[in-house]
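Chemist: Got data_18.csv for you, CSV, C-alpha atoms (C1' of nucleotides):
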chain,number,residue,atom,x,y,z
F,1,MET,CA,-102.5,13.8,103.6
F,2,ALA,CA,-106.0,13.0,102.4
F,3,ARG,CA,-109.0,12.5,104.6
F,4,ALA,CA,-108.7,9.9,107.4
F,5,ALA,CA,-109.7,6.4,106.3
F,6,THR,CA,-113.2,5.5,107.0
F,7,THR,CA,-111.9,2.5,108.9
F,8,THR,CA,-110.0,4.7,111.3
F,9,ASP,CA,-112.8,5.4,113.7
F,10,ALA,CA,-116.4,4.7,114.5
F,11,PHE,CA,-116.7,8.5,113.9
F,12,ASN,CA,-115.5,8.0,110.3
F,13,ALA,CA,-117.3,4.8,109.6
F,14,VAL,CA,-120.6,6.1,110.8
F,15,ALA,CA,-120.4,9.3,108.8
F,16,GLU,CA,-121.7,7.4,105.8
F,17,PRO,CA,-125.6,7.2,105.9
F,18,ARG,CA,-125.8,3.8,104.4
F,19,ARG,CA,-123.6,2.4,107.1
F,20,ARG,CA,-125.9,3.9,109.7
F,21,GLN,CA,-128.8,2.2,107.9
F,22,ILE,CA,-127.1,-1.1,108.1
F,23,LEU,CA,-126.5,-0.7,111.8
F,24,ASP,CA,-130.1,0.3,112.3
F,25,ALA,CA,-131.2,-2.8,110.4
F,26,LEU,CA,-129.0,-5.0,112.5
F,27,ALA,CA,-130.4,-3.5,115.7
F,28,ASN,CA,-133.3,-6.0,115.4
F,29,GLY,CA,-130.9,-8.9,115.4
F,30,GLU,CA,-128.6,-11.0,113.3
F,31,ARG,CA,-129.2,-10.9,109.6
F,32,PRO,CA,-127.7,-12.4,106.4
F,33,VAL,CA,-126.3,-10.1,103.7
F,34,ASN,CA,-129.2,-10.6,101.4
F,35,ASP,CA,-131.6,-9.4,104.0
F,36,LEU,CA,-129.6,-6.2,104.2
F,37,VAL,CA,-129.4,-5.9,100.5
F,38,ALA,CA,-133.2,-6.2,100.3
F,39,ALA,CA,-133.7,-3.8,103.2
F,40,LEU,CA,-131.4,-1.1,101.8
F,41,GLY,CA,-132.2,-1.6,98.1
F,42,LEU,CA,-128.5,-1.4,97.2
F,43,PRO,CA,-126.4,-3.7,95.0
F,44,GLN,CA,-125.0,-6.6,97.0
F,45,PRO,CA,-121.3,-5.8,96.4
F,46,LEU,CA,-121.9,-2.3,97.8
F,47,VAL,CA,-123.4,-3.7,100.9
F,48,SER,CA,-120.6,-6.1,101.3
F,49,LYS,CA,-118.1,-3.3,101.1
F,50,HIS,CA,-119.9,-1.3,103.7
F,51,LEU,CA,-120.0,-4.3,105.9
F,52,ARG,CA,-116.3,-4.7,105.5
F,53,VAL,CA,-115.7,-1.2,106.8
F,54,LEU,CA,-118.1,-1.8,109.7
F,55,ARG,CA,-116.3,-5.0,110.5
F,56,GLN,CA,-112.9,-3.3,110.5
F,57,VAL,CA,-114.0,-0.8,113.1
F,58,GLY,CA,-115.6,-3.5,115.1
F,59,LEU,CA,-119.2,-2.3,114.7
F,60,VAL,CA,-120.4,-5.6,113.3
F,61,GLU,CA,-119.4,-9.2,113.7
F,62,VAL,CA,-119.9,-12.2,111.4
F,63,ARG,CA,-120.8,-15.8,111.8
F,64,ASP,CA,-120.9,-18.4,109.1
F,65,GLU,CA,-124.0,-20.4,108.7
F,66,GLY,CA,-123.9,-22.6,105.7
F,67,ARG,CA,-123.9,-20.5,102.6
F,68,GLN,CA,-124.9,-17.4,104.5
F,69,ARG,CA,-122.9,-15.0,106.6
F,70,LEU,CA,-124.9,-13.7,109.5
F,71,TYR,CA,-124.0,-10.2,110.6
F,72,ARG,CA,-124.7,-8.9,114.1
F,73,LEU,CA,-124.4,-5.5,115.7
F,74,ASN,CA,-121.6,-4.7,118.2
F,75,ALA,CA,-122.5,-1.3,119.5
F,76,GLY,CA,-119.4,-0.9,121.7
F,77,PRO,CA,-117.3,1.2,119.3
F,78,LEU,CA,-120.2,3.7,119.2
F,79,ARG,CA,-119.6,4.5,122.9
F,80,PRO,CA,-116.9,7.2,122.3
F,81,ILE,CA,-119.2,9.0,120.0
F,82,HIS,CA,-122.0,9.0,122.6
F,83,GLU,CA,-119.6,10.1,125.3
F,84,TRP,CA,-118.4,13.0,123.2
F,85,VAL,CA,-121.7,14.2,121.9
F,86,LYS,CA,-123.4,13.8,125.3
F,87,SER,CA,-121.4,16.6,126.8
F,88,TYR,CA,-122.9,19.0,124.3
F,89,GLU,CA,-126.5,17.8,124.9
F,90,GLN,CA,-127.3,20.4,127.5
F,91,LEU,CA,-126.3,23.2,125.0
F,92,TRP,CA,-129.4,22.7,123.0
F,93,THR,CA,-131.7,22.2,125.9
F,94,GLU,CA,-134.1,24.9,126.8
F,95,ARG,CA,-133.2,24.5,130.4
F,96,PHE,CA,-129.7,25.4,129.5
F,97,ALA,CA,-130.7,28.7,127.9
F,98,ARG,CA,-132.1,29.7,131.3
F,99,LEU,CA,-129.0,28.4,133.0
F,100,ASP,CA,-127.0,30.7,130.8
F,101,VAL,CA,-128.9,33.7,132.1
F,102,VAL,CA,-128.2,32.6,135.7
F,103,LEU,CA,-124.5,32.3,134.9
F,104,GLU,CA,-124.5,35.8,133.5
F,105,GLU,CA,-126.1,37.1,136.7
F,106,LEU,CA,-123.5,35.3,138.8
F,107,LYS,CA,-120.7,36.8,136.7
F,108,GLU,CA,-122.1,40.2,137.3
F,109,LEU,CA,-122.3,39.7,141.0
F,110,GLU,CA,-118.7,38.5,141.0
F,111,SER,CA,-117.5,41.6,139.3
F,112,GLU,CA,-119.4,43.8,141.7
F,113,ASP,CA,-117.5,42.1,144.6
F,114,THR,CA,-114.1,42.5,143.0
F,115,ASP,CA,-114.9,46.1,142.2
F,116,ASP,CA,-114.7,46.8,146.0
F,117,ASP,CA,-111.3,45.3,146.4
F,118,ASP,CA,-109.4,45.9,143.1
F,119,GLU,CA,-110.9,48.8,141.3
U,1,MET,CA,-119.3,9.1,93.5
U,2,ALA,CA,-116.6,9.9,96.0
U,3,ARG,CA,-117.1,10.2,99.7
U,4,ALA,CA,-119.7,12.6,100.9
U,5,ALA,CA,-118.5,16.2,101.4
U,6,THR,CA,-117.4,17.0,104.9
U,7,THR,CA,-119.8,19.9,104.8
U,8,THR,CA,-122.8,17.6,104.1
U,9,ASP,CA,-123.5,16.7,107.7
U,10,ALA,CA,-122.5,17.3,111.3
U,11,PHE,CA,-121.7,13.6,111.1
U,12,ASN,CA,-119.1,14.2,108.4
U,13,ALA,CA,-117.8,17.4,109.8
U,14,VAL,CA,-117.2,15.9,113.2
U,15,ALA,CA,-115.4,12.8,111.9
U,16,GLU,CA,-112.3,14.9,111.7
U,17,PRO,CA,-110.5,14.9,115.2
U,18,ARG,CA,-109.2,18.4,114.8
U,19,ARG,CA,-112.7,19.7,114.2
U,20,ARG,CA,-113.8,18.1,117.4
U,21,GLN,CA,-110.9,19.7,119.2
U,22,ILE,CA,-112.0,23.1,117.9
U,23,LEU,CA,-115.5,22.5,119.1
U,24,ASP,CA,-114.2,21.4,122.5
U,25,ALA,CA,-112.1,24.5,122.7
U,26,LEU,CA,-115.1,26.7,121.9
U,27,ALA,CA,-117.2,25.0,124.6
U,28,ASN,CA,-115.7,27.4,127.1
U,29,GLY,CA,-116.9,30.4,125.1
U,30,GLU,CA,-116.2,32.6,122.2
U,31,ARG,CA,-112.6,32.7,120.9
U,32,PRO,CA,-110.6,34.4,118.2
U,33,VAL,CA,-108.9,32.3,115.6
U,34,ASN,CA,-105.4,32.9,117.0
U,35,ASP,CA,-106.5,31.5,120.4
U,36,LEU,CA,-107.5,28.3,118.6
U,37,VAL,CA,-104.3,28.2,116.6
U,38,ALA,CA,-102.4,28.4,119.9
U,39,ALA,CA,-104.6,25.9,121.6
U,40,LEU,CA,-104.4,23.3,118.8
U,41,GLY,CA,-100.8,24.0,117.7
U,42,LEU,CA,-101.7,23.9,114.1
U,43,PRO,CA,-100.9,26.3,111.3
U,44,GLN,CA,-103.4,29.2,111.1
U,45,PRO,CA,-104.6,28.5,107.6
U,46,LEU,CA,-105.4,25.0,108.5
U,47,VAL,CA,-107.5,26.2,111.5
U,48,SER,CA,-109.3,28.6,109.3
U,49,LYS,CA,-110.1,25.9,106.8
U,50,HIS,CA,-111.5,23.7,109.6
U,51,LEU,CA,-113.5,26.6,110.9
U,52,ARG,CA,-115.0,27.1,107.4
U,53,VAL,CA,-116.2,23.6,107.4
U,54,LEU,CA,-117.7,23.9,110.8
U,55,ARG,CA,-119.4,27.2,109.8
U,56,GLN,CA,-120.9,25.5,106.7
U,57,VAL,CA,-122.6,22.9,108.8
U,58,GLY,CA,-123.7,25.5,111.3
U,59,LEU,CA,-121.6,24.2,114.2
U,60,VAL,CA,-120.0,27.5,114.8
U,61,GLU,CA,-120.9,31.1,114.2
U,62,VAL,CA,-118.7,34.2,113.7
U,63,ARG,CA,-118.7,37.7,114.9
U,64,ASP,CA,-116.4,40.4,113.8
U,65,GLU,CA,-114.7,42.3,116.5
U,66,GLY,CA,-112.2,44.8,115.1
U,67,ARG,CA,-109.4,42.8,113.5
U,68,GLN,CA,-110.4,39.6,115.1
U,69,ARG,CA,-113.1,37.2,114.3
U,70,LEU,CA,-114.7,35.6,117.3
U,71,TYR,CA,-116.0,32.1,116.8
U,72,ARG,CA,-118.6,30.6,119.1
U,73,LEU,CA,-120.1,27.2,119.3
U,74,ASN,CA,-123.5,26.3,118.1
U,75,ALA,CA,-124.2,22.8,119.3
U,76,GLY,CA,-127.6,22.4,117.6
U,77,PRO,CA,-126.4,20.4,114.6
U,78,LEU,CA,-124.9,17.8,116.9
U,79,ARG,CA,-128.4,16.9,118.0
U,80,PRO,CA,-129.1,14.4,115.3
U,81,ILE,CA,-125.9,12.6,116.2
U,82,HIS,CA,-126.8,12.4,119.8
U,83,GLU,CA,-130.3,11.2,118.9
U,84,TRP,CA,-129.0,8.5,116.7
U,85,VAL,CA,-126.3,7.2,118.9
U,86,LYS,CA,-128.4,7.4,122.1
U,87,SER,CA,-130.6,4.6,120.9
U,88,TYR,CA,-127.6,2.3,121.0
U,89,GLU,CA,-126.5,3.3,124.4
U,90,GLN,CA,-128.3,0.5,126.2
U,91,LEU,CA,-126.6,-2.0,124.1
U,92,TRP,CA,-123.2,-1.6,125.8
U,93,THR,CA,-124.8,-1.3,129.2
U,94,GLU,CA,-124.4,-4.2,131.6
U,95,ARG,CA,-128.0,-3.9,132.5
U,96,PHE,CA,-128.9,-4.6,129.0
U,97,ALA,CA,-127.0,-7.9,128.9
U,98,ARG,CA,-129.3,-9.1,131.7
U,99,LEU,CA,-132.4,-7.6,129.9
U,100,ASP,CA,-131.4,-9.7,126.9
U,101,VAL,CA,-131.7,-12.9,129.0
U,102,VAL,CA,-135.2,-11.8,130.2
U,103,LEU,CA,-136.3,-11.2,126.6
U,104,GLU,CA,-135.1,-14.7,125.7
U,105,GLU,CA,-137.2,-16.2,128.5
U,106,LEU,CA,-140.2,-14.2,127.4
U,107,LYS,CA,-139.8,-15.5,123.8
U,108,GLU,CA,-139.7,-19.0,125.1
U,109,LEU,CA,-142.9,-18.5,127.1
U,110,GLU,CA,-144.6,-17.1,124.0
U,111,SER,CA,-143.8,-20.0,121.8
U,112,GLU,CA,-145.1,-22.4,124.5
U,113,ASP,CA,-148.4,-20.5,124.4
U,114,THR,CA,-148.7,-20.6,120.6
U,115,ASP,CA,-147.8,-24.2,120.6
U,116,ASP,CA,-151.2,-24.9,122.2
U,117,ASP,CA,-153.2,-23.1,119.6
U,118,ASP,CA,-151.4,-23.4,116.3
U,119,GLU,CA,-149.3,-26.5,116.3
N,1,DT,C1',-119.3,-33.3,88.9
N,2,DT,C1',-122.0,-29.7,87.8
N,3,DG,C1',-124.8,-25.8,88.6
N,4,DA,C1',-127.0,-22.5,91.4
N,5,DC,C1',-126.7,-19.7,95.3
N,6,DA,C1',-124.7,-16.3,98.9
N,7,DC,C1',-121.1,-13.3,99.4
N,8,DA,C1',-116.5,-11.2,98.9
N,9,DT,C1',-113.1,-9.2,96.1
N,10,DT,C1',-110.9,-6.7,92.3
N,11,DC,C1',-110.4,-3.1,88.9
N,12,DC,C1',-111.8,1.3,87.4
N,13,DC,C1',-113.2,6.1,87.9
N,14,DA,C1',-114.6,10.9,89.4
N,15,DT,C1',-114.4,13.4,93.3
N,16,DA,C1',-113.1,15.9,97.5
N,17,DT,C1',-110.2,15.6,101.0
N,18,DG,C1',-106.3,17.5,104.8
N,19,DG,C1',-102.2,19.6,104.6
N,20,DG,C1',-98.3,22.8,103.0
N,21,DA,C1',-96.9,27.1,100.9
N,22,DA,C1',-97.9,31.4,99.4
N,23,DT,C1',-100.8,35.1,99.0
N,24,DA,C1',-104.9,38.2,99.4
N,25,DC,C1',-107.6,41.0,102.4
N,26,DG,C1',-109.7,44.1,105.9
N,27,DA,C1',-108.9,46.8,110.1
N,28,DT,C1',-105.9,49.5,112.9
N,29,DG,C1',-101.9,52.3,114.4
N,30,DG,C1',-98.5,55.6,113.2
H,1,DC,C1',-100.6,56.6,103.1
H,2,DC,C1',-98.0,52.6,104.8
H,3,DA,C1',-96.8,48.7,107.7
H,4,DT,C1',-98.5,45.3,110.5
H,5,DC,C1',-101.7,42.3,112.6
H,6,DG,C1',-105.5,38.8,112.3
H,7,DT,C1',-107.7,35.8,109.0
H,8,DA,C1',-109.2,33.9,104.8
H,9,DT,C1',-108.3,32.2,100.3
H,10,DT,C1',-105.9,30.0,96.5
H,11,DC,C1',-103.0,26.6,94.3
H,12,DC,C1',-100.9,22.3,94.7
H,13,DC,C1',-100.6,17.3,95.7
H,14,DA,C1',-101.1,12.4,97.5
H,15,DT,C1',-104.6,9.7,99.0
H,16,DA,C1',-108.8,7.1,99.8
H,17,DT,C1',-113.3,7.3,98.9
H,18,DG,C1',-118.4,5.3,97.1
H,19,DG,C1',-120.1,3.3,93.3
H,20,DG,C1',-120.4,0.3,89.0
H,21,DA,C1',-119.1,-3.8,86.6
H,22,DA,C1',-117.1,-8.0,86.5
H,23,DT,C1',-115.2,-11.9,88.6
H,24,DG,C1',-113.7,-15.0,92.4
H,25,DT,C1',-114.9,-18.3,96.2
H,26,DG,C1',-117.1,-21.5,99.2
H,27,DT,C1',-121.4,-24.3,100.0
H,28,DC,C1',-125.1,-27.0,99.0
H,29,DA,C1',-128.3,-29.9,96.0
H,30,DA,C1',-128.9,-33.0,92.2
Take the structure from the file and write it as C-alpha cells.

Modeler:
Amino acid sequence: MARAATTTDAFNAVAEPRRRQILDALANGERPVNDLVAALGLPQPLVSKHLRVLRQVGLVEVRDEGRQRLYRLNAGPLRPIHEWVKSYEQLWTERFARLDVVLEELKELESEDTDDDDE
Amino acid sequence: MARAATTTDAFNAVAEPRRRQILDALANGERPVNDLVAALGLPQPLVSKHLRVLRQVGLVEVRDEGRQRLYRLNAGPLRPIHEWVKSYEQLWTERFARLDVVLEELKELESEDTDDDDE
DNA sequence: TTGACACATTCCCATATGGGAATACGATGG
DNA sequence: CCATCGTATTCCCATATGGGAATGTGTCAA
C-alpha cells in the first residue's frame, strides 16, 4: 500500500502547508476562490485542487453565488486533531518537568514501602 | 513535486495512524522495540521504519541498553500542531455559536453609527 | 449569440510512500 | 568462535501525491 490518501483524514489533509494557509485565510470568513488565489499567490487550478481535498474531509463548505463559489471554514473535523495533541500538551510545559521530579520521588517512596514487605 | 516527505514535519509524520499509536504507547514511558511490536501487532521491520520517521522529526529519542534500543517520547515537535489547531478550538464550541450572534449585532450597531457620518 | 469571467477538471510527470520479504548488524551467552 | 536475540536496513512494488499545462463548464453582460 502507498501512503494514505490525503482525503482520508483531517490529519492527512492538514499535513499540507498550503491547505493550512487556506484554512487560515478562511478563518476570517467566507471567500471566493480568486480571493484565496490572490492571498496565497498560487495558480488557480492548484488552489481549486486543494479546496477539493478540504471539501472531501469536510473542512470547508461551498456556496454558489452567481459566478463565484464562496468557501467557508468548517472547523469541526479539526477536533480529533486537537483532542489527540492536547493530551501531549503538558509534556512540553515547564510545570510538567517539575511534576516529573515529584513522580520520581513518589516512586522512590513506594519502593521503600515495598522493601519492608517483599524484599 | 510529489507529496512532502513524512519526515518534513511533525504534521506529516503524525498523519500516519500507526505513528500516532507508537507515540501513544510511548506516553507511558520508555520502551524497547519489541514491546511496541507486540503492542501494535505489526511486523518488526515496519515498526522500525515508523520509528525512524519519528526519530527524524525529533518525536522520539533512542537509548542503547545492551541488545535493546529503548525509545522514549519527545513531545516538543507536537507543539506547532497544538498551537495551530488550538486557534480553531473555539469554532466548534457551542459558546462560540452564541458569540457569533453577538458579533453580528455589534456589526449592525457599527454600521448604524457610520451611517450618520459617511452616508 | 458571443465573449469574458470564475472555477473545476483532466492529463501528465517525478517522487516518496507503506508494506512485504529477505537480509545485515551489533551485543550477548555458551 | 558461534548461535541467537533484538533491531535496522535494503530491495521491491502499487499507489497517490503536488504541480504544470491545457481544457471544460456555467454564469453574466452586451

Chemist: Nearest residue to chain U out of F:Asn34, F:Ser87, F:Gln56, F:Ser48, using only C-alpha atoms?

Modeler: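 So, comparing all the options, the nearest one is F:Ser87.
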
Chemist: What are the residues of chain F lining chain H at 7 Å or less? Count all atoms listed in the file, and put the answer as a list in words.

Modeler: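 So the contacting residues turn out to be Met1, Ala2, Ala5, Gly66 and Arg67 of chain F.
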
Chemist: Could you please tell me, as a VMD selection string, which residues of chain U have an atom within 10 Å of chain F when using all atoms listed in the file?

Modeler: chain U and resid 3 to 4 6 8 to 17 20 23 to 24 27 73 to 93

Chemist: Sorted by chain and rising residue number, which residues of chain N lie within 12 Å of chain F, and what are their closest atom pairs and distances in Å to one decimal, counting all atoms listed in the file, as JSON lines?

Modeler:
{"residue": "N:DA4", "atom": "C1'", "partner": "F:Arg67", "partner_atom": "CA", "distance": 11.8}
{"residue": "N:DC5", "atom": "C1'", "partner": "F:Arg67", "partner_atom": "CA", "distance": 7.9}
{"residue": "N:DA6", "atom": "C1'", "partner": "F:Arg67", "partner_atom": "CA", "distance": 5.7}
{"residue": "N:DC7", "atom": "C1'", "partner": "F:Ser48", "partner_atom": "CA", "distance": 7.5}
{"residue": "N:DA8", "atom": "C1'", "partner": "F:Ser48", "partner_atom": "CA", "distance": 7.0}
{"residue": "N:DT9", "atom": "C1'", "partner": "F:Pro45", "partner_atom": "CA", "distance": 8.9}
{"residue": "N:DT10", "atom": "C1'", "partner": "F:Pro45", "partner_atom": "CA", "distance": 11.2}
{"residue": "N:DA16", "atom": "C1'", "partner": "F:Arg3", "partner_atom": "CA", "distance": 8.9}
{"residue": "N:DT17", "atom": "C1'", "partner": "F:Arg3", "partner_atom": "CA", "distance": 4.9}
{"residue": "N:DG18", "atom": "C1'", "partner": "F:Ala2", "partner_atom": "CA", "distance": 5.1}
{"residue": "N:DG19", "atom": "C1'", "partner": "F:Met1", "partner_atom": "CA", "distance": 5.9}
{"residue": "N:DG20", "atom": "C1'", "partner": "F:Met1", "partner_atom": "CA", "distance": 9.9}

Chemist: Distance CA of Leu26 (chain U)-CA of Tyr71 (chain U), one decimal place?

Modeler: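 Computing the Euclidean distance for CA of Leu26 (chain U) and CA of Tyr71 (chain U) yields 7.5 Å.
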
Chemist: What is the CA of Val57 (chain F)-CA of Thr7 (chain F) distance in Å, reported with one decimal?

Modeler: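 Answer for the CA of Val57 (chain F) to CA of Thr7 (chain F) separation: 5.7 Å.
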
Chemist: Rounded to one decimal, what separation in Å do you get between CA of Leu46 (chain U) and CA of Glu61 (chain U)?

Modeler: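 These two atoms are separated by 17.6 Å.
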
Chemist: Select, from U:Asp64, U:Ala38, U:Pro43, U:Arg18, the residue with the minimum atom-to-atom distance to DG26 (chain N), counting only C-alpha atoms (C1' of nucleotides).

Modeler: U:Asp64

Chemist: Can you pull out every residue within 8 Å of Arg19 (chain F), counting only C-alpha atoms (C1' of nucleotides), but drop anything in the same chain fewer than 6 positions away, and send it as a PyMOL selection string?

Modeler: chain F and resi 13+50-51+54
